[in-house]
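Novice: Enclosed is the structure file input19.txt (compact mmCIF, C-alpha atoms).
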```txt
# COMPACT_ATOMS: atom_id res chain seq x y z
CA MET A 1 -100.14 181.93 14.21
CA ALA A 2 -102.75 184.15 15.88
CA GLN A 3 -101.08 186.65 18.24
CA ASP A 4 -104.11 187.08 20.44
CA THR A 5 -104.54 187.51 24.19
CA GLY A 6 -108.17 186.57 23.51
CA GLY A 7 -106.94 183.08 22.59
CA ALA A 8 -108.98 180.56 20.62
CA LYS A 9 -112.19 182.49 21.25
CA ALA A 10 -110.84 185.58 19.46
CA ALA A 11 -109.10 183.66 16.68
CA ALA A 12 -111.68 180.95 15.94
CA PRO A 13 -114.07 182.90 13.66
CA TRP A 14 -111.18 183.90 11.38
CA ILE A 15 -109.56 180.49 11.27
CA THR A 16 -112.89 178.76 10.67
CA ALA A 17 -113.74 181.14 7.82
CA ALA A 18 -110.33 180.62 6.20
CA LYS A 19 -110.83 176.81 6.09
CA PRO A 20 -107.05 176.37 6.22
CA GLU A 21 -105.23 173.42 4.70
CA TYR A 22 -102.18 174.53 6.67
CA THR A 23 -101.62 174.32 10.43
CA ALA A 24 -103.29 177.26 12.20
CA LEU A 25 -102.18 177.85 15.79
CA VAL A 26 -103.28 180.16 18.58
CA ASP A 27 -100.60 182.05 20.51
CA GLU A 28 -102.39 183.78 23.37
CA LYS A 29 -99.18 184.82 25.14
CA GLN A 30 -97.55 186.16 21.97
CA ILE A 31 -94.69 183.71 22.46
CA VAL A 32 -93.74 183.87 18.77
CA THR A 33 -93.67 187.68 18.89
CA GLN A 34 -91.24 187.43 21.81
CA LYS A 35 -89.04 184.60 20.57
CA TYR A 36 -88.63 186.06 17.08
CA GLY A 37 -88.52 189.72 18.14
CA MET A 38 -91.53 190.65 15.99
CA VAL A 39 -93.19 194.08 16.12
CA ASN A 40 -96.34 193.82 14.04
CA VAL A 41 -98.71 191.55 12.14
CA PRO A 42 -98.67 190.15 9.55
CA THR A 43 -95.03 189.11 9.84
CA ALA A 44 -93.51 186.04 8.20
CA VAL A 45 -90.33 184.01 8.59
CA TRP A 46 -89.09 181.42 6.10
CA ILE A 47 -87.67 178.29 7.69
CA ASP A 48 -85.98 175.59 5.61
CA GLU A 49 -86.13 171.79 5.93
CA GLN A 50 -83.26 171.83 8.46
CA GLY A 51 -85.11 174.29 10.70
CA ARG A 52 -82.91 177.25 9.71
CA ILE A 53 -84.15 180.75 9.04
CA VAL A 54 -83.64 181.66 5.38
CA ARG A 55 -85.67 184.88 5.43
CA PRO A 56 -86.14 186.55 8.83
CA ASN A 57 -89.05 188.73 9.98
CA GLU A 58 -90.67 190.82 7.29
CA VAL A 59 -94.13 192.14 6.58
CA ALA A 60 -96.19 189.50 4.73
CA PHE A 61 -99.37 190.76 3.12
CA ILE A 62 -101.06 188.00 1.18
CA ASP A 63 -103.70 190.22 -0.43
CA ASP A 64 -104.18 193.91 -1.16
CA ARG A 65 -106.88 194.79 1.35
CA PHE A 66 -104.54 197.10 3.29
CA LYS A 67 -102.84 198.57 0.23
CA SER A 68 -104.42 201.99 0.70
CA PHE A 69 -102.86 202.04 4.20
CA THR A 70 -99.48 200.54 3.43
CA ASN A 71 -98.96 201.29 -0.26
CA MET A 72 -97.59 197.77 -0.65
CA GLU A 73 -98.55 195.21 -3.30
CA SER A 74 -98.88 191.63 -2.15
CA ALA A 75 -98.12 190.02 -5.53
CA PRO A 76 -94.29 190.24 -5.46
CA TYR A 77 -94.24 188.55 -2.06
CA ILE A 78 -96.60 185.77 -3.13
CA ASP A 79 -94.42 185.20 -6.21
CA ALA A 80 -91.39 184.99 -3.94
CA ILE A 81 -93.07 182.31 -1.78
CA ARG A 82 -93.97 180.29 -4.90
CA ASP A 83 -90.41 180.57 -6.15
CA TRP A 84 -89.07 179.28 -2.83
CA ALA A 85 -91.58 176.39 -2.82
CA ALA A 86 -90.43 175.39 -6.33
CA ASN A 87 -86.68 176.05 -6.10
CA GLY A 88 -85.88 175.62 -2.41
CA ALA A 89 -82.37 176.69 -1.46
CA LYS A 90 -81.75 177.76 -5.09
CA SER A 91 -84.50 180.37 -4.98
CA VAL A 92 -83.21 183.91 -5.45
CA TYR A 93 -85.32 184.86 -2.46
CA VAL A 94 -83.44 182.61 -0.06
CA LEU A 95 -80.94 184.78 1.78
CA SER A 96 -77.38 183.84 2.58
CA ALA A 97 -76.65 183.18 6.25
CA ALA A 98 -74.67 186.42 6.34
CA GLU A 99 -77.60 188.43 5.00
CA SER A 100 -80.09 186.79 7.40
CA LYS A 101 -77.76 187.51 10.31
CA ALA A 102 -77.33 191.10 9.17
CA ARG A 103 -81.12 191.55 9.17
CA LEU A 104 -81.56 190.01 12.63
CA LYS A 105 -80.56 192.31 15.46
CA PRO A 106 -79.74 191.19 19.02
CA ARG A 107 -82.51 192.12 21.38
CA SER A 108 -81.96 195.33 23.32
CA ASP A 109 -82.31 195.38 27.10
CA ASP A 110 -85.34 197.60 26.64
CA ARG A 111 -86.99 195.06 24.32
CA SER A 112 -86.35 192.26 26.84
CA ARG A 113 -87.96 194.34 29.59
CA ALA A 114 -90.83 195.25 27.29
CA ASP A 115 -91.45 191.53 26.64
CA ALA A 116 -91.51 190.91 30.41
CA GLU A 117 -93.85 193.86 31.09
CA PHE A 118 -96.20 192.73 28.35
CA ALA A 119 -96.24 189.16 29.68
CA LEU A 120 -96.93 190.40 33.22
CA ALA A 121 -99.75 192.62 31.93
CA GLU A 122 -101.21 189.74 29.98
CA TYR A 123 -101.14 187.55 33.12
CA LEU A 124 -102.88 190.22 35.21
CA TYR A 125 -105.49 190.76 32.49
CA LYS A 126 -106.28 187.04 32.43
CA GLN A 127 -106.60 187.06 36.24
CA GLY A 128 -109.45 189.57 35.83
CA LYS A 129 -107.25 192.53 36.83
CA GLY A 130 -107.53 194.50 33.62
CA ALA A 131 -107.07 197.88 35.33
CA ASP A 132 -103.86 196.71 37.03
CA ALA A 133 -102.58 195.42 33.68
CA ILE A 134 -102.75 198.84 31.99
CA PRO A 135 -99.62 200.41 33.61
CA HIS A 136 -97.61 197.36 32.53
CA PHE A 137 -98.96 197.44 28.97
CA LYS A 138 -98.01 201.14 28.93
CA GLU A 139 -94.53 200.39 30.20
CA ALA A 140 -94.06 197.73 27.48
CA GLN A 141 -95.12 200.32 24.89
CA ARG A 142 -92.76 202.94 26.34
CA LEU A 143 -89.80 200.54 26.35
CA ASP A 144 -90.41 199.28 22.80
CA PRO A 145 -92.16 202.15 21.04
CA ASP A 146 -91.96 200.59 17.56
CA ASN A 147 -93.73 197.43 18.70
CA TRP A 148 -97.23 197.61 17.23
CA ASN A 149 -98.25 194.22 18.56
CA TYR A 150 -97.82 195.55 22.09
CA LYS A 151 -99.74 198.71 21.28
CA ARG A 152 -102.59 197.25 19.28
CA GLN A 153 -103.19 194.25 21.54
CA ALA A 154 -103.36 196.45 24.66
CA TRP A 155 -105.65 198.98 23.01
CA ALA A 156 -107.95 196.16 21.85
CA LEU A 157 -108.38 194.91 25.42
CA SER A 158 -109.86 198.13 26.74
CA ASP A 159 -111.17 201.51 25.63
CA ALA A 160 -108.00 202.87 24.00
CA GLU A 161 -109.16 206.49 24.08
CA ARG A 162 -110.09 206.33 27.75
CA ASP A 163 -107.15 204.27 29.02
CA TYR A 164 -104.34 205.19 26.61
CA GLY A 165 -105.50 208.55 25.25
CA THR A 166 -105.05 207.39 21.68
CA ASN A 167 -106.07 204.85 19.05
CA PHE A 168 -104.55 203.01 16.10
CA GLY A 169 -105.64 205.52 13.45
CA LYS A 170 -104.21 208.47 15.40
CA GLU A 171 -100.89 206.74 15.98
CA VAL A 172 -100.50 205.77 12.32
CA LYS A 173 -101.25 209.37 11.33
CA LYS A 174 -98.48 210.60 13.64
CA LEU A 175 -95.96 208.59 11.59
CA SER A 176 -96.68 210.75 8.49
CA GLY A 177 -96.01 207.86 6.15
CA ARG A 178 -93.04 206.33 8.02
CA PRO A 179 -93.39 202.52 7.77
CA TYR A 180 -94.56 200.67 10.86
CA TYR A 181 -93.89 197.16 9.62
CA GLN A 182 -90.63 195.24 9.48
CA PRO A 183 -89.68 196.10 5.89
CA ARG A 184 -89.83 193.71 2.99
CA LYS A 185 -86.64 193.74 0.97
CA LEU A 186 -87.09 191.52 -2.07
CA PRO A 187 -84.39 191.34 -4.74
CA GLU A 188 -85.37 192.97 -8.02
CA ALA A 189 -84.95 189.67 -9.82
CA LYS A 190 -87.35 188.09 -12.26
CA LYS A 191 -89.45 185.23 -11.00
CA GLY A 192 -87.54 181.98 -11.39
CA ALA A 193 -84.27 183.72 -12.11
CA ASN A 194 -81.27 181.78 -10.99
CA ASP A 195 -78.72 184.52 -10.40
CA ARG A 196 -78.69 184.35 -6.65
CA ARG A 197 -77.73 187.71 -5.24
CA ASN A 198 -76.63 188.55 -1.74
CA MET B 1 -123.25 181.61 74.51
CA ILE B 2 -119.79 180.66 75.62
CA ASN B 3 -119.65 178.24 72.72
CA SER B 4 -120.58 180.92 70.15
CA LEU B 5 -118.04 183.31 71.60
CA PHE B 6 -115.41 180.63 71.32
CA MET B 7 -116.39 180.01 67.67
CA LEU B 8 -116.22 183.72 66.91
CA THR B 9 -112.75 183.93 68.41
CA VAL B 10 -111.61 180.97 66.36
CA ILE B 11 -113.01 182.54 63.17
CA ALA B 12 -111.40 185.89 63.96
CA ALA B 13 -108.05 184.22 64.59
CA SER B 14 -108.28 182.34 61.28
CA VAL B 15 -109.07 185.53 59.39
CA VAL B 16 -106.01 187.24 60.88
CA ALA B 17 -103.83 184.24 60.04
CA ALA B 18 -105.14 184.16 56.47
CA HIS B 19 -104.53 187.88 56.11
CA ALA B 20 -100.96 187.57 57.40
CA ALA B 21 -100.30 184.75 54.94
CA ASP B 22 -101.68 186.90 52.10
CA GLN B 23 -99.24 189.69 52.88
CA ASN B 24 -96.29 187.42 52.24
CA THR B 25 -97.75 185.44 49.35
CA ARG B 26 -96.22 186.21 45.99
CA VAL B 27 -96.71 184.77 42.54
CA ILE B 28 -93.54 184.00 40.60
CA ILE B 29 -93.84 183.52 36.85
CA TYR B 30 -90.75 181.65 35.65
CA ASP B 31 -90.47 179.98 32.24
CA ASP B 32 -94.06 181.16 31.78
CA VAL B 33 -95.32 179.03 34.71
CA ALA B 34 -96.96 180.75 37.69
CA THR B 35 -96.14 179.44 41.18
CA GLU B 36 -97.34 180.79 44.55
CA VAL B 37 -94.57 181.21 47.10
CA SER B 38 -94.09 182.78 50.55
CA ALA B 39 -91.75 185.74 50.49
CA ALA B 40 -89.60 186.71 53.50
CA PRO B 41 -91.56 189.21 55.65
CA ALA B 42 -89.15 192.07 54.92
CA SER B 43 -89.27 191.55 51.13
CA SER B 44 -90.26 194.62 49.18
CA SER B 45 -87.86 195.86 46.54
CA ASP B 46 -86.14 192.47 46.54
CA LEU B 47 -87.78 189.06 46.41
CA TRP B 48 -86.40 186.69 49.07
CA ILE B 49 -87.86 183.18 48.92
CA THR B 50 -86.99 179.91 50.63
CA THR B 51 -84.62 177.54 48.86
CA GLY B 52 -87.50 175.04 48.75
CA ASP B 53 -89.67 177.55 46.87
CA LEU B 54 -86.69 178.42 44.66
CA THR B 55 -86.53 174.85 43.41
CA ARG B 56 -90.31 174.49 43.20
CA ALA B 57 -90.76 177.68 41.15
CA THR B 58 -87.58 177.71 39.05
CA ARG B 59 -85.94 174.25 39.33
CA PHE B 60 -82.72 175.99 40.44
CA VAL B 61 -80.83 174.43 43.35
CA ILE B 62 -78.08 175.98 45.46
CA LYS B 63 -74.92 173.86 45.26
CA PRO B 64 -71.32 174.50 46.38
CA GLN B 65 -70.37 175.43 42.80
CA GLY B 66 -73.23 177.91 42.39
CA VAL B 67 -76.93 178.13 41.65
CA CYS B 68 -77.66 175.30 39.25
CA ARG B 69 -80.35 173.88 37.02
CA ASP B 70 -79.49 170.70 35.15
CA GLU B 71 -76.05 171.29 33.60
CA LEU B 72 -76.28 175.05 33.92
CA CYS B 73 -74.55 176.60 36.97
CA PHE B 74 -74.16 180.26 37.87
CA PRO B 75 -71.45 180.83 40.52
CA LEU B 76 -72.31 183.52 43.06
CA PRO B 77 -69.65 186.29 43.33
CA LYS B 78 -67.40 185.33 46.28
CA ASN B 79 -67.56 188.58 48.23
CA ARG B 80 -71.26 189.14 47.63
CA LYS B 81 -72.81 185.86 48.80
CA ALA B 82 -74.77 187.66 51.54
CA GLU B 83 -76.64 189.58 48.84
CA PHE B 84 -78.07 186.29 47.58
CA VAL B 85 -78.26 183.82 50.47
CA SER B 86 -79.38 184.45 54.05
CA LYS B 87 -79.87 181.83 56.77
CA LYS B 88 -82.37 182.67 59.50
CA GLY B 89 -82.97 179.91 62.06
CA THR B 90 -83.64 176.74 60.12
CA THR B 91 -84.72 178.56 56.94
CA THR B 92 -82.37 179.52 54.11
CA TRP B 93 -83.64 182.45 52.02
CA PHE B 94 -82.56 183.24 48.47
CA ASN B 95 -82.76 186.62 46.76
CA LEU B 96 -84.29 185.67 43.40
CA SER B 97 -84.54 189.24 42.09
CA ALA B 98 -80.83 189.94 42.76
CA PHE B 99 -79.98 186.62 41.11
CA ALA B 100 -81.98 187.66 38.01
CA LYS B 101 -79.87 190.82 37.74
CA LEU B 102 -76.69 188.75 38.13
CA ILE B 103 -77.60 186.44 35.24
CA ARG B 104 -78.96 189.27 33.05
CA GLN B 105 -82.55 188.15 33.18
CA PRO B 106 -85.29 190.77 32.88
CA VAL B 107 -87.50 190.94 35.97
CA VAL B 108 -90.59 193.08 36.42
CA VAL B 109 -93.02 193.25 39.32
CA ASP B 110 -96.55 194.30 40.10
CA GLN B 111 -96.29 195.23 43.79
CA LYS B 112 -100.03 195.66 44.26
CA ASN B 113 -100.79 192.07 43.28
CA GLY B 114 -97.46 190.61 44.42
CA VAL B 115 -96.67 189.17 40.98
CA TRP B 116 -93.05 188.83 39.81
CA TYR B 117 -92.33 187.99 36.17
CA PHE B 118 -88.93 186.60 35.17
CA GLY B 119 -88.22 186.74 31.44
CA ALA B 120 -85.78 184.91 29.21
CA ARG B 121 -82.07 185.62 29.74
CA ASP B 122 -80.30 187.56 26.98
CA ALA B 123 -78.19 184.50 26.13
CA GLU B 124 -81.29 182.31 25.69
CA GLN B 125 -83.15 184.96 23.76
CA ASN B 126 -80.33 185.78 21.34
CA GLY B 127 -78.92 182.26 21.00
CA TYR B 128 -80.44 181.69 17.55
CA LEU B 129 -78.81 184.74 15.98
CA ALA B 130 -75.52 182.90 15.48
CA SER B 131 -76.95 179.53 14.37
CA LEU B 132 -80.06 180.87 12.57
CA GLU B 133 -81.88 177.87 14.01
CA ALA B 134 -85.51 178.97 14.21
CA PRO B 135 -86.54 179.15 17.89
CA ASN B 136 -88.84 176.26 18.73
CA PHE B 137 -92.28 176.76 20.29
CA THR B 138 -95.29 174.60 21.07
CA LEU B 139 -98.77 176.01 20.61
CA PRO B 140 -102.32 174.64 20.32
CA ASP B 141 -104.60 174.61 17.30
CA LEU B 142 -108.32 175.39 17.67
CA ASN B 143 -108.98 171.86 18.96
CA GLY B 144 -106.34 172.23 21.65
CA LYS B 145 -103.96 169.84 19.92
CA LEU B 146 -100.35 170.92 20.47
CA HIS B 147 -97.94 171.43 17.58
CA SER B 148 -94.21 172.19 17.81
CA LEU B 149 -92.17 173.88 15.13
CA ALA B 150 -89.73 170.96 15.47
CA ASP B 151 -92.48 168.58 14.22
CA PHE B 152 -92.10 170.16 10.77
CA ARG B 153 -88.40 169.31 10.34
CA GLY B 154 -87.87 168.03 6.79
CA GLN B 155 -90.45 170.45 5.36
CA LYS B 156 -90.29 174.11 4.50
CA VAL B 157 -92.20 176.24 6.99
CA LEU B 158 -93.74 179.59 6.17
CA LEU B 159 -94.37 181.02 9.62
CA VAL B 160 -96.98 183.78 9.41
CA THR B 161 -98.39 185.77 12.32
CA TRP B 162 -101.70 187.59 12.29
CA ALA B 163 -104.21 188.82 14.88
CA SER B 164 -107.92 189.47 15.25
CA TRP B 165 -107.42 192.94 16.75
```
Would you mind giving the structure from this file in structure tokens?

Specialist:
Amino acid sequence: MAQDTGGAKAAAPWITAAKPEYTALVDEKQIVTQKYGMVNVPTAVWIDEQGRIVRPNEVAFIDDRFKSFTNMESAPYIDAIRDWAANGAKSVYVLSAAESKARLKPRSDDRSRADAEFALAEYLYKQGKGADAIPHFKEAQRLDPDNWNYKRQAWALSDAERDYGTNFGKEVKKLSGRPYYQPRKLPEAKKGANDRRN
Amino acid sequence: MINSLFMLTVIAASVVAAHAADQNTRVIIYDDVATEVSAAPASSSDLWITTGDLTRATRFVIKPQGVCRDELCFPLPKNRKAEFVSKKGTTTWFNLSAFAKLIRQPVVVDQKNGVWYFGARDAEQNGYLASLEAPNFTLPDLNGKLHSLADFRGQKVLLVTWASW
């Protein structure tokens, strides 16, 4: 699910290179980011056969290329996915409804406004009014300051230093190690273990 | 000569008319669909549109029981109807921005370009938190073919987002 204002043109080289056997979609209005209340990429959600969320938003690295940045191994998460594929609802990584609900928070008014400001900015940008879009991208960032999709997408559409007085590297540095992804909370259970914990 | 002068006058008059129309033209984005409408001349902080444009842009219709779309009806507060509906001559105007506040729908505006964006209501946006039913969406693949999350019912779905930026 490419979260890309640049649409198919921006996403195509990556999708083509990946030669996916799965369904690869292009989300140029970041509809999934909005509907699921996401704040960064990569983010994953597990959805069961009945269409129910069994693990809500969490960071989902599938290799270690960003490990030096994030200090996070991908292997435990990949093992968790394999366990779910094999064991379905019995997987120790499938959360109870109560736990999923506890992890999902109702959207704040500020987040709802941020979504609207971002969507308005995206519309103006696509109408060729990139300069007029910037104040709305900034307002979305102000309203939802932990939303890295709204920061990084806006910065990528113009000269971040010139128009926003910052860049990705600088902003990450400001966090002094504080995580900027929706955290991954895997149980400390052995792969294939059957003692479902919640 | 007289002919050319006449033509010039006609052109000038058309330009003025077009300009006047521009001043009242607004774009409403509702359910992610953009629609051009004519706003009431005095509209600035509020967005007053005709009831015809209301239905065209949002599918809402004013009925005796409230402002309705399909089965969904929002009654207007009894003592505050004038804040939402105003009849001038043969035209009935509706205050769409005040209505958005009433139904707790985020609304943002770009005054310079006359674009109003209406987002999802809190109730729509947070509906899945109780049921845990994954919100549906429909998006294209690289070939433009549309896929909905609902098409994958009966299978496990690992939904992963990424970006090129």

Novice: Residues at most 10 Å from Gly144 of chain B, counting all atoms listed in the file, excluding those fewer than 5 positions away in the same chain, as a list in words?

Specialist: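 Residues near the query, excluding close chain neighbours: Ala8, Leu25 and Val26 of chain A; Leu139 of chain B.
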
Novice: What's around Ala57 of chain B at 12 Å? Count all atoms listed in the file, leave out sequence neighbours fewer than 6 positions away in its own chain, and write the answer as a list of chain:residue names.

Specialist: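 Returned residues: B:Arg26, B:Val27, B:Ile28, B:Ile29, B:Tyr30, B:Asp31, B:Asp32, B:Val33, B:Ala34, B:Thr35, B:Glu36, B:Val37, B:Ser38, B:Ile49, B:Thr50, B:Thr51, B:Arg69, B:Leu96, B:Trp116, B:Tyr117, B:Phe118.
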
Novice: Counting only C-alpha atoms, figure out which residue out of B:Leu159, B:Ala150, B:Leu142, B:Leu72 gets nearest to Glu28 of chain A.

Specialist: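 Nearest to Glu28 of chain A: B:Leu142.
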
Novice: Could you please determine the separation between atom CA of Trp165 of chain B and atom CA of Asp146 of chain A in Å, to one decimal place?

Specialist: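 Atom CA of Asp146 of chain A lies at a distance of 17.3 Å from atom CA of Trp165 of chain B.
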
Novice: Given a cut-off of 7 Å, which residues of chain A touch chain B, counting all atoms listed in the file, written out as a PyMOL selection string?

Specialist: chain A and resi 1-4+8+10-12+24-27+35+41-53+101+104+106-107+112-113+116-117+120+152-153+156

Novice: Give me the residues within 8 Å of Ser97 of chain B as a ChimeraX atom specification, counting all atoms listed in the file and dropping any in the same chain fewer than 4 places off.

Specialist: /B:46-48,101,107

Novice: Next, write the just-selected residues to a file, as an mmCIF file, in the frame of the given file, keeping C-alpha atoms as the atom set.

Specialist:
```cif
data_model
loop_
_atom_site.group_PDB
_atom_site.id
_atom_site.type_symbol
_atom_site.label_atom_id
_atom_site.label_comp_id
_atom_site.auth_asym_id
_atom_site.auth_seq_id
_atom_site.Cartn_x
_atom_site.Cartn_y
_atom_site.Cartn_z
ATOM 1 C CA ASP B 46 -86.140 192.470 46.540
ATOM 2 C CA LEU B 47 -87.780 189.060 46.410
ATOM 3 C CA TRP B 48 -86.400 186.690 49.070
ATOM 4 C CA LYS B 101 -79.870 190.820 37.740
ATOM 5 C CA VAL B 107 -87.500 190.940 35.970
#
```

Novice: To one decimal in Å, tell me the separation between atom CA of Gln182 of chain A and atom CA of Val59 of chain A.

Specialist: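 That distance, rounded to one decimal, is 5.5 Å.
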
Novice: Just the residues within 12 Å of Phe69 of chain A, please, counting all atoms listed in the file, with nothing from its chain fewer than 6 positions along; format it as number ranges by chain.

Specialist: A: 61, 169, 172-173, 176-181

Novice: Got a sec: who's within 8 Å of Phe118 of chain A, counting all atoms listed in the file, leaving out chain neighbours fewer than 6 positions off, as an mmCIF file with C-alpha atoms, keeping the file's coordinate frame?

Specialist:
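Result file follows (around.cif):
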```
data_model
loop_
_atom_site.group_PDB
_atom_site.id
_atom_site.type_symbol
_atom_site.label_atom_id
_atom_site.label_comp_id
_atom_site.auth_asym_id
_atom_site.auth_seq_id
_atom_site.Cartn_x
_atom_site.Cartn_y
_atom_site.Cartn_z
ATOM 1 C CA HIS A 136 -97.610 197.360 32.530
ATOM 2 C CA PHE A 137 -98.960 197.440 28.970
ATOM 3 C CA ALA A 140 -94.060 197.730 27.480
ATOM 4 C CA TYR A 150 -97.820 195.550 22.090
#
```

Novice: Suppose you want the space between atom CA of Ala18 of chain A and atom CA of Asp64 of chain A; what is it in Å?

Specialist: 16.4 Å

Novice: Considering all atoms listed in the file, can you say which of A:Glu58, A:Glu161, A:Glu171, A:Glu139 comes closest to Lys185 of chain A?

Specialist: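 Using all atoms listed in the file, Lys185 of chain A sits closest to A:Glu58.
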